[in-house]
Amino acid sequence: GERGRCVALPLVALAAAMLLAACSKRAEVSQPPLVIRDGDVCAACGMYIRGPPGPRGEAYVDGDDAALKFGSTRDLFAYVTQPDIASRLESAYVQDTARIIWAHPSDAAASFIDARKAYYVAWQPLPGEMGPTFASFAKPSDAATFVRSHGGAVLRFGQVTASLVSGLTYSCPGPASPFSALATQTR
């Protein structure tokens, strides 16, 4: 009896330690969106984030100590589509345009959604922090309603490339553009 208890206690202690290690590992992976605060600057352009219009973004990249914040969805994509960054991207968030006022976006963490699951309206006419940007949405129906009101084309996260970001304009690309097929295919 006594001998059996000595073996059981170390096993219980070992199981508890493994459980705690698993829980702490899981907590490290959980990277929630953060509140936009006074003084936060865009990781891509260096401008203050509070104030400019349009949806914002946030990203966690392996090797960086803290969340990177972006004043626009375009700046987020300009950063995360760089090959050396894309391979280290852990999580990314964008604001749901259906839940913000474009001219005065919310600073609340609750307005952010998973960027990889969002729907993006490219070539739309509303300006972001540094000019043309993507309107981001949680629901495809909200993105489609936005396109009917403002124009543009709906894209998914994986369709947004560095060259598309650098050539983004306020209106759909013409027939000579390398993006014309993408714009017409998704309208």
# chains A, B, ... in the order shown; residues from 1 in each chain; ligands from 1
>>> residues_around(residues="Asp142 (chain A)", least_positions_apart="5", cutoff="12 Å", atoms="only C-alpha atoms", output="number ranges by chain")
A: 96-99, 118-121, 135-137, 147-149, 154
>>> select_by_dssp(residues="chain A", states="strand (DSSP E)", output="PyMOL selection string")
chain A and resi 57-61+68-70+89-95+112-114+119-122+127-128+131-132+135-137+153-156
>>> write_last_selection(atoms="N, CA and C atoms", output="compact mmCIF listing (two decimals), in the first residue's frame")
# COMPACT_ATOMS: atom_id res chain seq x y z
N GLY A 57 -5.45 47.30 -39.28
CA GLY A 57 -5.02 45.92 -39.17
C GLY A 57 -4.02 45.73 -38.05
N GLU A 58 -3.85 44.47 -37.65
CA GLU A 58 -2.86 44.09 -36.65
C GLU A 58 -2.30 42.72 -37.04
N ALA A 59 -1.04 42.49 -36.71
CA ALA A 59 -0.43 41.20 -37.03
C ALA A 59 0.57 40.81 -35.96
N TYR A 60 0.69 39.50 -35.77
CA TYR A 60 1.73 38.93 -34.92
C TYR A 60 2.66 38.16 -35.85
N VAL A 61 3.94 38.51 -35.80
CA VAL A 61 4.94 37.89 -36.66
C VAL A 61 5.99 37.24 -35.77
N LEU A 68 2.04 44.00 -34.18
CA LEU A 68 2.31 45.11 -35.09
C LEU A 68 0.96 45.70 -35.47
N LYS A 69 0.87 47.02 -35.46
CA LYS A 69 -0.40 47.68 -35.77
C LYS A 69 -0.25 48.46 -37.06
N PHE A 70 -1.35 48.53 -37.82
CA PHE A 70 -1.34 49.17 -39.13
C PHE A 70 -2.52 50.12 -39.25
N LEU A 89 4.30 34.91 -40.47
CA LEU A 89 3.03 35.46 -39.99
C LEU A 89 2.30 34.43 -39.13
N GLU A 90 2.03 34.79 -37.88
CA GLU A 90 1.34 33.89 -36.97
C GLU A 90 -0.16 34.14 -36.98
N SER A 91 -0.56 35.38 -36.76
CA SER A 91 -1.98 35.72 -36.82
C SER A 91 -2.11 37.16 -37.29
N ALA A 92 -3.25 37.45 -37.88
CA ALA A 92 -3.50 38.80 -38.41
C ALA A 92 -4.97 39.12 -38.23
N TYR A 93 -5.24 40.41 -38.00
CA TYR A 93 -6.60 40.87 -37.78
C TYR A 93 -6.85 42.14 -38.59
N VAL A 94 -8.09 42.31 -39.02
CA VAL A 94 -8.55 43.53 -39.67
C VAL A 94 -9.88 43.93 -39.05
N GLN A 95 -10.21 45.19 -39.19
CA GLN A 95 -11.51 45.62 -38.65
C GLN A 95 -12.61 45.24 -39.63
N PHE A 112 -12.20 43.96 -34.46
CA PHE A 112 -11.28 43.20 -35.31
C PHE A 112 -11.77 41.76 -35.52
N ILE A 113 -11.45 41.25 -36.71
CA ILE A 113 -11.78 39.87 -37.10
C ILE A 113 -10.52 39.21 -37.65
N ASP A 114 -10.54 37.91 -37.77
CA ASP A 114 -9.41 37.15 -38.32
C ASP A 114 -9.20 37.55 -39.78
N TYR A 119 -13.34 38.99 -45.96
CA TYR A 119 -13.61 39.28 -47.36
C TYR A 119 -13.17 40.72 -47.59
N TYR A 120 -12.44 40.96 -48.68
CA TYR A 120 -11.86 42.28 -48.93
C TYR A 120 -12.41 42.87 -50.21
N VAL A 121 -12.83 44.13 -50.13
CA VAL A 121 -13.27 44.83 -51.34
C VAL A 121 -12.09 45.69 -51.80
N ALA A 122 -11.53 45.31 -52.95
CA ALA A 122 -10.43 46.05 -53.58
C ALA A 122 -11.03 47.00 -54.61
N PRO A 127 -11.14 56.42 -49.19
CA PRO A 127 -9.71 56.46 -48.86
C PRO A 127 -9.40 55.90 -47.48
N GLY A 128 -8.22 55.33 -47.38
CA GLY A 128 -7.68 54.87 -46.10
C GLY A 128 -6.59 55.82 -45.65
N GLY A 131 -4.28 56.54 -48.76
CA GLY A 131 -4.88 56.47 -50.09
C GLY A 131 -5.76 55.24 -50.24
N PRO A 132 -5.76 54.64 -51.44
CA PRO A 132 -6.62 53.48 -51.68
C PRO A 132 -6.33 52.36 -50.67
N ALA A 135 -11.57 47.48 -48.12
CA ALA A 135 -12.64 47.43 -47.12
C ALA A 135 -12.74 45.96 -46.71
N SER A 136 -12.64 45.69 -45.43
CA SER A 136 -12.62 44.31 -44.92
C SER A 136 -13.92 43.97 -44.21
N PHE A 137 -14.38 42.75 -44.43
CA PHE A 137 -15.67 42.33 -43.88
C PHE A 137 -15.60 40.90 -43.33
N ALA A 153 -14.35 45.01 -56.12
CA ALA A 153 -14.44 43.56 -56.31
C ALA A 153 -14.02 42.87 -55.01
N VAL A 154 -14.67 41.76 -54.71
CA VAL A 154 -14.40 41.02 -53.47
C VAL A 154 -13.27 40.01 -53.69
N LEU A 155 -12.29 40.07 -52.79
CA LEU A 155 -11.16 39.14 -52.82
C LEU A 155 -11.04 38.45 -51.46
N ARG A 156 -10.32 37.36 -51.44
CA ARG A 156 -10.00 36.67 -50.18
C ARG A 156 -8.54 36.95 -49.84
>>> residues_around(residues="Ser72 (chain A)", least_positions_apart="3", cutoff="6 Å", atoms="only C-alpha atoms", output="PyMOL selection string")
chain A and resi 55-56+75+128-129
>>> atom_distance(atom1="CA of Tyr48 (chain A)", atom2="CA of Asp107 (chain A)")
12.7 Å
>>> closest_residue(among="A:Ile100, A:Ile49, A:Val160, A:Ala110", to="Ile36 (chain A)", atoms="only C-alpha atoms")
A:Ile49
>>> select_by_dssp(residues="region 51-186 of chain A", states="helix (DSSP H, G or I)", output="short mmCIF file (atom, residue, chain, number, x, y, z; two decimals) with all heavy atoms, in the first residue's frame")
data_model
loop_
_atom_site.label_atom_id
_atom_site.label_comp_id
_atom_site.auth_asym_id
_atom_site.auth_seq_id
_atom_site.Cartn_x
_atom_site.Cartn_y
_atom_site.Cartn_z
N THR A 73 -5.79 48.58 -43.96
CA THR A 73 -5.67 47.20 -44.42
C THR A 73 -4.61 47.12 -45.53
O THR A 73 -3.91 46.11 -45.65
CB THR A 73 -7.02 46.66 -44.91
OG1 THR A 73 -7.56 47.58 -45.86
CG2 THR A 73 -7.99 46.47 -43.76
N ARG A 74 -4.48 48.17 -46.32
CA ARG A 74 -3.46 48.16 -47.37
C ARG A 74 -2.06 48.09 -46.75
O ARG A 74 -1.20 47.35 -47.22
CB ARG A 74 -3.58 49.40 -48.25
CG ARG A 74 -2.55 49.42 -49.37
CD ARG A 74 -2.63 50.67 -50.20
NE ARG A 74 -1.69 50.61 -51.30
CZ ARG A 74 -1.62 51.52 -52.23
NH1 ARG A 74 -2.44 52.56 -52.22
NH2 ARG A 74 -0.73 51.43 -53.19
N ASP A 75 -1.82 48.88 -45.70
CA ASP A 75 -0.51 48.83 -45.04
C ASP A 75 -0.26 47.46 -44.43
O ASP A 75 0.87 46.95 -44.47
CB ASP A 75 -0.40 49.92 -43.97
CG ASP A 75 -0.14 51.30 -44.57
OD1 ASP A 75 0.16 51.40 -45.77
OD2 ASP A 75 -0.23 52.28 -43.81
N LEU A 76 -1.29 46.84 -43.85
CA LEU A 76 -1.14 45.48 -43.32
C LEU A 76 -0.69 44.55 -44.43
O LEU A 76 0.30 43.82 -44.29
CB LEU A 76 -2.46 44.98 -42.72
CG LEU A 76 -2.48 43.48 -42.39
CD1 LEU A 76 -1.77 43.19 -41.08
CD2 LEU A 76 -3.89 42.94 -42.35
N PHE A 77 -1.38 44.58 -45.57
CA PHE A 77 -1.02 43.69 -46.68
C PHE A 77 0.34 44.03 -47.28
O PHE A 77 1.08 43.13 -47.68
CB PHE A 77 -2.10 43.71 -47.77
CG PHE A 77 -3.23 42.77 -47.50
CD1 PHE A 77 -4.51 43.24 -47.26
CD2 PHE A 77 -3.03 41.39 -47.47
CE1 PHE A 77 -5.56 42.37 -47.00
CE2 PHE A 77 -4.07 40.51 -47.22
CZ PHE A 77 -5.34 41.00 -46.99
N ALA A 78 0.69 45.31 -47.34
CA ALA A 78 2.01 45.69 -47.85
C ALA A 78 3.10 45.04 -47.00
O ALA A 78 4.14 44.62 -47.51
CB ALA A 78 2.16 47.21 -47.85
N TYR A 79 2.85 44.91 -45.73
CA TYR A 79 3.82 44.31 -44.81
C TYR A 79 3.78 42.78 -44.87
O TYR A 79 4.81 42.13 -45.05
CB TYR A 79 3.56 44.80 -43.38
CG TYR A 79 4.66 44.45 -42.43
CD1 TYR A 79 5.84 45.20 -42.39
CD2 TYR A 79 4.53 43.37 -41.57
CE1 TYR A 79 6.86 44.87 -41.51
CE2 TYR A 79 5.55 43.04 -40.69
CZ TYR A 79 6.71 43.79 -40.66
OH TYR A 79 7.72 43.45 -39.81
N VAL A 80 2.60 42.19 -44.71
CA VAL A 80 2.52 40.73 -44.57
C VAL A 80 2.67 39.97 -45.88
O VAL A 80 2.86 38.75 -45.85
CB VAL A 80 1.24 40.26 -43.82
CG1 VAL A 80 1.17 40.90 -42.43
CG2 VAL A 80 -0.01 40.50 -44.63
N PRO A 83 7.74 38.30 -48.75
CA PRO A 83 8.03 36.88 -48.56
C PRO A 83 8.65 36.53 -47.21
O PRO A 83 8.26 35.54 -46.59
CB PRO A 83 9.00 36.56 -49.70
CG PRO A 83 8.69 37.59 -50.74
CD PRO A 83 8.27 38.83 -49.99
N ASP A 84 9.60 37.33 -46.71
CA ASP A 84 10.24 37.00 -45.44
C ASP A 84 9.28 37.18 -44.26
O ASP A 84 9.44 36.54 -43.23
CB ASP A 84 11.51 37.83 -45.24
CG ASP A 84 11.25 39.33 -45.25
OD1 ASP A 84 10.42 39.79 -46.06
OD2 ASP A 84 11.88 40.04 -44.45
N ILE A 85 8.28 38.02 -44.40
CA ILE A 85 7.28 38.22 -43.35
C ILE A 85 6.17 37.18 -43.47
O ILE A 85 5.74 36.59 -42.48
CB ILE A 85 6.68 39.64 -43.40
CG1 ILE A 85 7.77 40.71 -43.25
CG2 ILE A 85 5.58 39.81 -42.36
CD1 ILE A 85 8.52 40.70 -41.94
N ALA A 86 5.70 36.93 -44.69
CA ALA A 86 4.59 35.99 -44.92
C ALA A 86 4.88 34.62 -44.31
O ALA A 86 3.99 34.00 -43.73
CB ALA A 86 4.32 35.86 -46.42
N THR A 97 -15.52 46.24 -41.50
CA THR A 97 -16.04 47.53 -41.97
C THR A 97 -17.52 47.69 -41.64
O THR A 97 -17.98 48.80 -41.43
CB THR A 97 -15.77 47.69 -43.49
OG1 THR A 97 -14.35 47.62 -43.69
CG2 THR A 97 -16.28 49.00 -44.02
N ALA A 98 -18.25 46.58 -41.55
CA ALA A 98 -19.68 46.65 -41.22
C ALA A 98 -19.89 47.09 -39.76
O ALA A 98 -20.99 47.50 -39.39
CB ALA A 98 -20.34 45.30 -41.45
N ARG A 99 -18.84 47.04 -38.94
CA ARG A 99 -18.96 47.37 -37.52
C ARG A 99 -18.24 48.66 -37.13
O ARG A 99 -18.08 48.94 -35.95
CB ARG A 99 -18.44 46.20 -36.68
CG ARG A 99 -19.32 44.97 -36.85
CD ARG A 99 -18.73 43.71 -36.28
NE ARG A 99 -18.28 43.84 -34.90
CZ ARG A 99 -17.52 42.94 -34.31
NH1 ARG A 99 -17.12 41.87 -34.95
NH2 ARG A 99 -17.15 43.11 -33.05
N ALA A 109 -10.82 46.58 -29.59
CA ALA A 109 -10.34 45.28 -30.05
C ALA A 109 -11.49 44.44 -30.62
O ALA A 109 -11.29 43.63 -31.52
CB ALA A 109 -9.65 44.55 -28.91
N ALA A 110 -12.71 44.66 -30.12
CA ALA A 110 -13.87 43.87 -30.55
C ALA A 110 -14.25 44.13 -32.02
O ALA A 110 -14.98 43.35 -32.61
CB ALA A 110 -15.08 44.17 -29.65
N SER A 111 -13.75 45.21 -32.61
CA SER A 111 -14.08 45.50 -34.01
C SER A 111 -13.20 44.70 -34.98
O SER A 111 -13.42 44.73 -36.19
CB SER A 111 -13.94 47.00 -34.30
OG SER A 111 -12.59 47.43 -34.13
N ALA A 115 -8.04 38.10 -40.10
CA ALA A 115 -7.77 38.59 -41.45
C ALA A 115 -7.79 37.48 -42.50
O ALA A 115 -8.18 37.71 -43.64
CB ALA A 115 -6.41 39.29 -41.48
N ARG A 116 -7.41 36.27 -42.10
CA ARG A 116 -7.37 35.17 -43.07
C ARG A 116 -8.76 34.69 -43.46
O ARG A 116 -8.93 34.01 -44.47
CB ARG A 116 -6.56 34.01 -42.49
CG ARG A 116 -5.06 34.32 -42.44
CD ARG A 116 -4.30 33.11 -41.92
NE ARG A 116 -2.87 33.28 -42.01
CZ ARG A 116 -2.07 33.39 -40.96
NH1 ARG A 116 -2.56 33.37 -39.74
NH2 ARG A 116 -0.77 33.52 -41.13
N LYS A 117 -9.77 35.01 -42.66
CA LYS A 117 -11.15 34.60 -42.95
C LYS A 117 -11.99 35.73 -43.54
O LYS A 117 -13.14 35.51 -43.92
CB LYS A 117 -11.81 34.08 -41.67
CG LYS A 117 -11.16 32.83 -41.13
CD LYS A 117 -11.82 32.38 -39.84
CE LYS A 117 -11.13 31.15 -39.27
NZ LYS A 117 -11.66 30.80 -37.96
N PRO A 140 -19.53 37.64 -46.28
CA PRO A 140 -19.55 37.91 -47.72
C PRO A 140 -20.75 38.77 -48.13
O PRO A 140 -20.64 39.58 -49.05
CB PRO A 140 -19.60 36.52 -48.37
CG PRO A 140 -20.03 35.58 -47.29
CD PRO A 140 -19.65 36.21 -45.98
N SER A 141 -21.88 38.63 -47.43
CA SER A 141 -23.06 39.43 -47.77
C SER A 141 -22.81 40.92 -47.51
O SER A 141 -23.26 41.77 -48.28
CB SER A 141 -24.28 38.95 -46.99
OG SER A 141 -24.03 39.00 -45.60
N ASP A 142 -22.07 41.26 -46.44
CA ASP A 142 -21.74 42.66 -46.17
C ASP A 142 -20.79 43.20 -47.23
O ASP A 142 -20.92 44.35 -47.67
CB ASP A 142 -21.11 42.81 -44.78
CG ASP A 142 -22.11 42.59 -43.65
OD1 ASP A 142 -23.33 42.74 -43.88
OD2 ASP A 142 -21.67 42.28 -42.53
N ALA A 143 -19.84 42.38 -47.67
CA ALA A 143 -18.92 42.79 -48.73
C ALA A 143 -19.68 43.04 -50.04
O ALA A 143 -19.44 44.03 -50.73
CB ALA A 143 -17.83 41.75 -48.93
N ALA A 144 -20.62 42.15 -50.36
CA ALA A 144 -21.41 42.30 -51.59
C ALA A 144 -22.28 43.56 -51.54
O ALA A 144 -22.40 44.27 -52.55
CB ALA A 144 -22.28 41.06 -51.81
N THR A 145 -22.87 43.85 -50.40
CA THR A 145 -23.67 45.07 -50.23
C THR A 145 -22.79 46.30 -50.43
O THR A 145 -23.19 47.26 -51.09
CB THR A 145 -24.33 45.09 -48.83
OG1 THR A 145 -25.18 43.96 -48.73
CG2 THR A 145 -25.12 46.36 -48.60
N PHE A 146 -21.58 46.28 -49.88
CA PHE A 146 -20.64 47.38 -50.03
C PHE A 146 -20.29 47.60 -51.51
O PHE A 146 -20.26 48.72 -51.99
CB PHE A 146 -19.37 47.10 -49.20
CG PHE A 146 -18.39 48.22 -49.18
CD1 PHE A 146 -18.45 49.19 -48.17
CD2 PHE A 146 -17.39 48.32 -50.12
CE1 PHE A 146 -17.52 50.23 -48.13
CE2 PHE A 146 -16.46 49.36 -50.10
CZ PHE A 146 -16.53 50.31 -49.09
N VAL A 147 -20.03 46.51 -52.24
CA VAL A 147 -19.70 46.60 -53.68
C VAL A 147 -20.87 47.20 -54.44
O VAL A 147 -20.66 48.06 -55.32
CB VAL A 147 -19.31 45.22 -54.25
CG1 VAL A 147 -19.25 45.25 -55.77
CG2 VAL A 147 -17.98 44.75 -53.67
N ARG A 148 -22.11 46.80 -54.13
CA ARG A 148 -23.28 47.38 -54.82
C ARG A 148 -23.38 48.89 -54.57
O ARG A 148 -23.76 49.64 -55.45
CB ARG A 148 -24.56 46.68 -54.38
CG ARG A 148 -24.76 45.32 -55.04
CD ARG A 148 -26.17 44.77 -54.86
NE ARG A 148 -26.53 44.53 -53.46
CZ ARG A 148 -26.19 43.43 -52.78
NH1 ARG A 148 -25.50 42.48 -53.36
NH2 ARG A 148 -26.56 43.29 -51.53
N SER A 149 -23.01 49.33 -53.37
CA SER A 149 -23.09 50.76 -53.04
C SER A 149 -21.90 51.57 -53.55
O SER A 149 -22.07 52.73 -53.94
CB SER A 149 -23.16 50.94 -51.51
OG SER A 149 -24.31 50.35 -51.00
N HIS A 150 -20.70 50.99 -53.51
CA HIS A 150 -19.49 51.77 -53.77
C HIS A 150 -18.67 51.30 -54.97
O HIS A 150 -17.79 52.03 -55.43
CB HIS A 150 -18.59 51.75 -52.53
CG HIS A 150 -19.23 52.31 -51.31
ND1 HIS A 150 -19.39 53.66 -51.12
CD2 HIS A 150 -19.76 51.71 -50.22
CE1 HIS A 150 -19.99 53.87 -49.95
NE2 HIS A 150 -20.23 52.70 -49.40
N PHE A 157 -8.15 36.65 -48.62
CA PHE A 157 -6.81 36.93 -48.10
C PHE A 157 -5.71 36.43 -49.04
O PHE A 157 -4.79 37.17 -49.38
CB PHE A 157 -6.66 36.30 -46.71
CG PHE A 157 -5.38 36.63 -46.00
CD1 PHE A 157 -5.27 37.78 -45.24
CD2 PHE A 157 -4.28 35.79 -46.08
CE1 PHE A 157 -4.10 38.10 -44.56
CE2 PHE A 157 -3.10 36.09 -45.41
CZ PHE A 157 -3.01 37.25 -44.65
N GLY A 158 -5.80 35.20 -49.47
CA GLY A 158 -4.77 34.59 -50.32
C GLY A 158 -4.68 35.18 -51.71
O GLY A 158 -3.68 34.96 -52.41
N GLN A 159 -5.69 35.93 -52.15
CA GLN A 159 -5.66 36.55 -53.47
C GLN A 159 -4.93 37.89 -53.47
O GLN A 159 -4.62 38.42 -54.52
CB GLN A 159 -7.09 36.75 -53.99
CG GLN A 159 -7.81 35.45 -54.27
CD GLN A 159 -9.25 35.71 -54.68
OE1 GLN A 159 -10.06 36.18 -53.89
NE2 GLN A 159 -9.56 35.41 -55.94
N ALA A 162 1.56 41.17 -53.13
CA ALA A 162 2.35 42.40 -53.00
C ALA A 162 2.18 43.30 -54.22
O ALA A 162 2.06 44.53 -54.08
CB ALA A 162 3.82 42.05 -52.78
N SER A 163 2.15 42.74 -55.42
CA SER A 163 2.01 43.58 -56.62
C SER A 163 0.61 44.19 -56.69
O SER A 163 0.47 45.35 -57.11
CB SER A 163 2.34 42.80 -57.89
OG SER A 163 1.50 41.69 -58.04
N LEU A 164 -0.42 43.47 -56.27
CA LEU A 164 -1.76 44.05 -56.23
C LEU A 164 -1.80 45.22 -55.24
O LEU A 164 -2.34 46.27 -55.53
CB LEU A 164 -2.78 42.97 -55.83
CG LEU A 164 -4.25 43.38 -55.93
CD1 LEU A 164 -5.10 42.17 -56.23
CD2 LEU A 164 -4.75 44.05 -54.67
N VAL A 165 -1.18 45.04 -54.07
CA VAL A 165 -1.16 46.09 -53.05
C VAL A 165 -0.46 47.34 -53.59
O VAL A 165 -0.95 48.45 -53.44
CB VAL A 165 -0.47 45.59 -51.76
CG1 VAL A 165 -0.27 46.74 -50.77
CG2 VAL A 165 -1.30 44.49 -51.11
N SER A 166 0.70 47.16 -54.21
CA SER A 166 1.46 48.32 -54.68
C SER A 166 0.77 49.04 -55.83
O SER A 166 0.98 50.24 -56.01
CB SER A 166 2.89 47.92 -55.08
OG SER A 166 2.87 47.06 -56.20
N SER A 180 -7.08 42.64 -64.22
CA SER A 180 -8.44 42.75 -64.78
C SER A 180 -9.23 41.45 -64.64
O SER A 180 -10.42 41.48 -64.32
CB SER A 180 -8.40 43.23 -66.24
OG SER A 180 -7.71 42.27 -67.03
N ALA A 181 -8.59 40.31 -64.86
CA ALA A 181 -9.30 39.03 -64.74
C ALA A 181 -9.74 38.80 -63.29
O ALA A 181 -10.85 38.35 -63.04
CB ALA A 181 -8.42 37.88 -65.22
N LEU A 182 -8.89 39.14 -62.34
CA LEU A 182 -9.22 38.98 -60.92
C LEU A 182 -10.39 39.89 -60.55
O LEU A 182 -11.29 39.48 -59.84
CB LEU A 182 -7.98 39.31 -60.06
CG LEU A 182 -8.07 39.04 -58.58
CD1 LEU A 182 -8.36 37.57 -58.30
CD2 LEU A 182 -6.78 39.46 -57.90
N ALA A 183 -10.38 41.11 -61.06
CA ALA A 183 -11.43 42.07 -60.75
C ALA A 183 -12.77 41.65 -61.34
O ALA A 183 -13.80 41.78 -60.68
CB ALA A 183 -11.05 43.46 -61.24
N THR A 184 -12.78 41.14 -62.56
CA THR A 184 -14.05 40.77 -63.19
C THR A 184 -14.54 39.42 -62.69
O THR A 184 -15.74 39.19 -62.59
CB THR A 184 -13.94 40.76 -64.73
OG1 THR A 184 -12.86 39.90 -65.10
CG2 THR A 184 -13.71 42.15 -65.27
N GLN A 185 -13.62 38.53 -62.37
CA GLN A 185 -13.99 37.19 -61.89
C GLN A 185 -14.71 37.25 -60.54
O GLN A 185 -15.55 36.42 -60.26
CB GLN A 185 -12.71 36.37 -61.78
CG GLN A 185 -12.82 35.13 -60.95
CD GLN A 185 -11.43 34.61 -60.57
OE1 GLN A 185 -10.43 34.96 -61.16
NE2 GLN A 185 -11.40 33.78 -59.56
#
>>> atom_distance(atom1="CA of Met47 (chain A)", atom2="CA of Gly151 (chain A)")
27.7 Å
>>> atom_distance(atom1="CA of Thr161 (chain A)", atom2="CA of Gln124 (chain A)")
16.8 Å
>>> closest_residue(among="A:Met130, A:Ala176, A:Gln82, A:Ala108", to="Cys45 (chain A)", atoms="only C-alpha atoms")
A:Met130
